[in-house]
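Chemist: Quick one: structure below, then a few questions.
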Amino acid sequence: MVVPAGMRGLASIVGRVHFGVSTCKPSSESLLALQQLSWPWMASVRPLSSQNPLSPTSIQEVFNIPKLLHPDIYDVNENRFCSIYKTHGKVMDPYYKRFPLKSWNLWANDHEGFDELERRARFMFNRWWALRVCFQSVYGFRPKALKLKAIDMYKQINDAIAQASRSARALEDIRNLVVPTLYDQLKGEAQRMRAAGREVEWKLVKEPSLSDVELVNGYMAKAVENAEVPIKLRFVQWTVAITSEQSFAVYEKVPKSGARRLVAGDPNQVLKVVDHWVLERPIFKAWVIPRTGPQGAAWRLLARLAVPDEPPKPKVNETQQ
């Protein structure tokens with residue numbers, strides 16, 4: 001009886017294992033035969049052309065556990081993109097607070113009510129989608145932990161911004177808490193404040209609790225929209241509404257006497273403030289196994305939103321103008 005080539009390789013593997021030979025090195029032909037018999041649903045996974053760097057060359061390549069858990073270390077393409085893209089760079093879906101419906105007629109006032117309901121539905125869907133992605137992709141993710149992280153960042157960053165008006169080294173402590181573009185912006189603002197001879201005094205009268213922090217919007221986007229190769233690197237952004245009580249004052253030095261005079265705010269007045277901050281984190285999107293993310297991945301402040309007091313007007317399509 002003539003034994004096919006693939007079965008001869010499989011027979012050699014079984015024979016060596018049966019007789020206790022553990023130093024055998026099966027060929028790719030033998031592994032393919034064993035793969036088709038053991039996992040019929042993977043019969044289509046075959047070695048492809050060596051010119052394609054993404055094609056699996058063996059079953060060990062398909063089930064490469066270190067590569068699945070740490071793509072930024074064991075995957076050449078993921079490592080390259082992680083070294084290039086540290087942040088998305090912009091707010092992908094700016095948040096607008098809820099505005100009351102002025103009429104039950106959703107089409108009145110140029111579809112104002114319909115637009116408001118559309119925004120509410122979009123933000124709700126974004127939160128659900130971002131929660132699902134974070135639970136499945138980020139190891140140890142919990143909304144409570146994210147809120148605690150936001151509170152800690154809120155205190156450190158605001159205190160550093162106030163101290164930066166007097167010391168140029170104050171912002172060094174929060175370099176890892178903000179994205180590079182925002183860090184450069186804060187550094188420029190502090191330099192202008194010191195050049196004008198102004199100092200900021202900021203005090204957190206009542207620290208925000210967990211009930212004062214709300215995840216109002218979430219969003220996820222690819223690092224590269226039209227990448228030449230498929231990558232798992234994504235960026236998740238959470239818009240966090242933080243309610244706190246604080247006091248704020250800005251002083252300016254008088255040129256001749258050197259005394260300070262109040263130019264803005266009141267140190268004795270306690271204000272209730274609601275800030276909307278956008279936190280960002282790089283992740284590797286997964287369906288089953290959550291990962292810690294790229295090396296050094298952490299939540300960082302991307303932007304401080306100035307939420308308008310009026311609902312945004314719908315954009316007019318240029319072709320309809």
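All residue names refer to the structure tokens as shown: chains lettered A, B, ... in order, residues numbered from 1 in each chain, ligands numbered from 1 in order.
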Per residue of segment 145-260 of chain A within 6 Å of segment 109-133 of chain A, what are the shortest atom pair and its distance in Å to one decimal, counting only C-alpha atoms, with rows by chain and residue number, as a tab-separated table?

Modeler:
residue	atom	partner	partner_atom	distance
A:Asn217	CA	A:Arg127	CA	5.4
A:Gly218	CA	A:Arg127	CA	4.8
A:Tyr219	CA	A:Ala130	CA	5.7

Chemist: Just checking: using only C-alpha atoms, which residue out of A:Val288, A:Ala249, A:Ser165, A:Ser244 ends up closest to Gly188 of chain A?

Modeler: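 Going through A:Val288, A:Ala249, A:Ser165, A:Ser244 one by one, the smallest distance to Gly188 of chain A is for A:Ser165.
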
Chemist: Excluding Ala170 of chain A and residues on its chain fewer than 5 positions from it, collect all residues at most 8 Å away from it, counting only C-alpha atoms, and give them as a list in words.

Modeler: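 Using only C-alpha atoms, the neighbours found are Ala160, Ile161, Gln163 and Ala164 of chain A.
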
Chemist: Just the alpha helix (DSSP H) stuff from segment 158-316 of chain A, please, per backbone DSSP, written as a count of residues only.

Modeler: 22

Chemist: Calculated over only C-alpha atoms, which of the candidates A:Cys82, A:Ala241, A:Asn158, A:Lys272 has the smallest distance to Val178 of chain A?

Modeler: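 The closest residue to Val178 of chain A is A:Asn158.
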
Chemist: Of the residues A:Leu186, A:Ile151, A:Val200, A:Met220, which is the one nearest to Phe248 of chain A, using only C-alpha atoms?

Modeler: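 Looking at the shortest contact to Phe248 of chain A, the residue is A:Val200.
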
Chemist: Please extract the residues of segment 98-264 of chain A with a backbone DSSP assignment of strand (DSSP E or B) and present them as a CSV table (one decimal) with C-alpha atoms, in the first residue's frame.

Modeler:
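File written: states10.csv
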chain,number,residue,atom,x,y,z
A,138,VAL,CA,-7.6,46.2,28.6
A,178,VAL,CA,-0.6,64.5,29.7
A,198,ARG,CA,1.2,87.0,37.2
A,199,GLU,CA,0.7,84.3,39.8
A,200,VAL,CA,-2.2,81.8,40.1
A,201,GLU,CA,-3.5,80.6,43.4
A,202,TRP,CA,-5.8,77.5,43.1
A,203,LYS,CA,-7.3,75.5,46.0
A,204,LEU,CA,-9.5,72.5,45.9
A,205,VAL,CA,-12.0,73.1,48.6
A,206,LYS,CA,-14.0,69.9,48.2
A,213,VAL,CA,-17.3,61.8,38.3
A,214,GLU,CA,-19.3,60.7,35.3
A,215,LEU,CA,-18.1,58.9,32.1
A,216,VAL,CA,-20.2,60.9,29.6
A,217,ASN,CA,-18.6,59.8,26.3
A,218,GLY,CA,-16.3,57.1,25.0
A,219,TYR,CA,-14.7,56.5,21.7
A,220,MET,CA,-12.2,54.2,20.0
A,221,ALA,CA,-10.3,54.7,16.8
A,222,LYS,CA,-7.5,53.1,14.8
A,233,LEU,CA,-3.2,49.2,17.9
A,234,ARG,CA,-6.1,51.4,18.9
A,235,PHE,CA,-6.7,54.6,20.9
A,236,VAL,CA,-9.6,54.8,23.4
A,237,GLN,CA,-10.8,58.2,24.6
A,238,TRP,CA,-13.1,58.8,27.6
A,239,THR,CA,-14.7,62.1,28.3
A,240,VAL,CA,-15.0,62.5,32.0
A,241,ALA,CA,-17.2,65.1,33.7
A,242,ILE,CA,-15.7,66.1,37.1
A,243,THR,CA,-17.7,68.2,39.6
A,244,SER,CA,-15.7,69.9,42.4
A,245,GLU,CA,-15.7,73.0,44.6
A,246,GLN,CA,-12.6,75.2,44.3
A,247,SER,CA,-11.3,78.7,44.7
A,248,PHE,CA,-9.3,80.6,42.1
A,249,ALA,CA,-7.4,83.9,42.0
A,250,VAL,CA,-4.8,85.6,39.8
A,251,TYR,CA,-2.5,88.2,41.1
A,252,GLU,CA,-0.2,90.6,39.3
A,253,LYS,CA,2.9,92.3,40.7
A,260,ARG,CA,0.4,92.0,44.5
A,261,ARG,CA,-3.0,93.0,43.2
A,262,LEU,CA,-5.9,90.9,42.4
A,263,VAL,CA,-6.8,90.9,38.7
A,264,ALA,CA,-9.1,87.9,38.4

Chemist: Would you work out the distance separating atom CA of His276 of chain A from atom CA of Asp212 of chain A, expressed in Å to one decimal?

Modeler: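 Separation of atom CA of His276 of chain A and atom CA of Asp212 of chain A: 11.9 Å.
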
Chemist: Quick one: pull the distance between atom CA of Arg281 of chain A and atom CA of Trp299 of chain A, Å, one decimal.

Modeler: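 Separating atom CA of Arg281 of chain A from atom CA of Trp299 of chain A is a distance of 4.8 Å.
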
Chemist: What does the distance between atom CA of Ala297 of chain A and atom CA of Pro282 of chain A come to in Å, to one decimal place?

Modeler: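 Taking atom CA of Ala297 of chain A and atom CA of Pro282 of chain A, their separation equals 6.1 Å.
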
Chemist: Nearest residue to Met92 of chain A out of A:Leu148, A:Ala195, A:Ala168, A:Val278, using only C-alpha atoms?

Modeler: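 The answer is A:Val278, which sits nearest to Met92 of chain A.
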
Chemist: Mind checking which residues fall within 8 Å of Ala303 of chain A, counting only C-alpha atoms, ignoring those fewer than 6 positions away in the same chain, and posting them as a VMD selection string?

Modeler: chain A and resid 91 182 277 to 279

Chemist: Hey, which of A:Ala286, A:Ala150, A:Leu302, A:Ala196 ends up closest to Val254 of chain A? Count only C-alpha atoms.

Modeler: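 With only C-alpha atoms as the atom set, the closest residue is A:Ala196.
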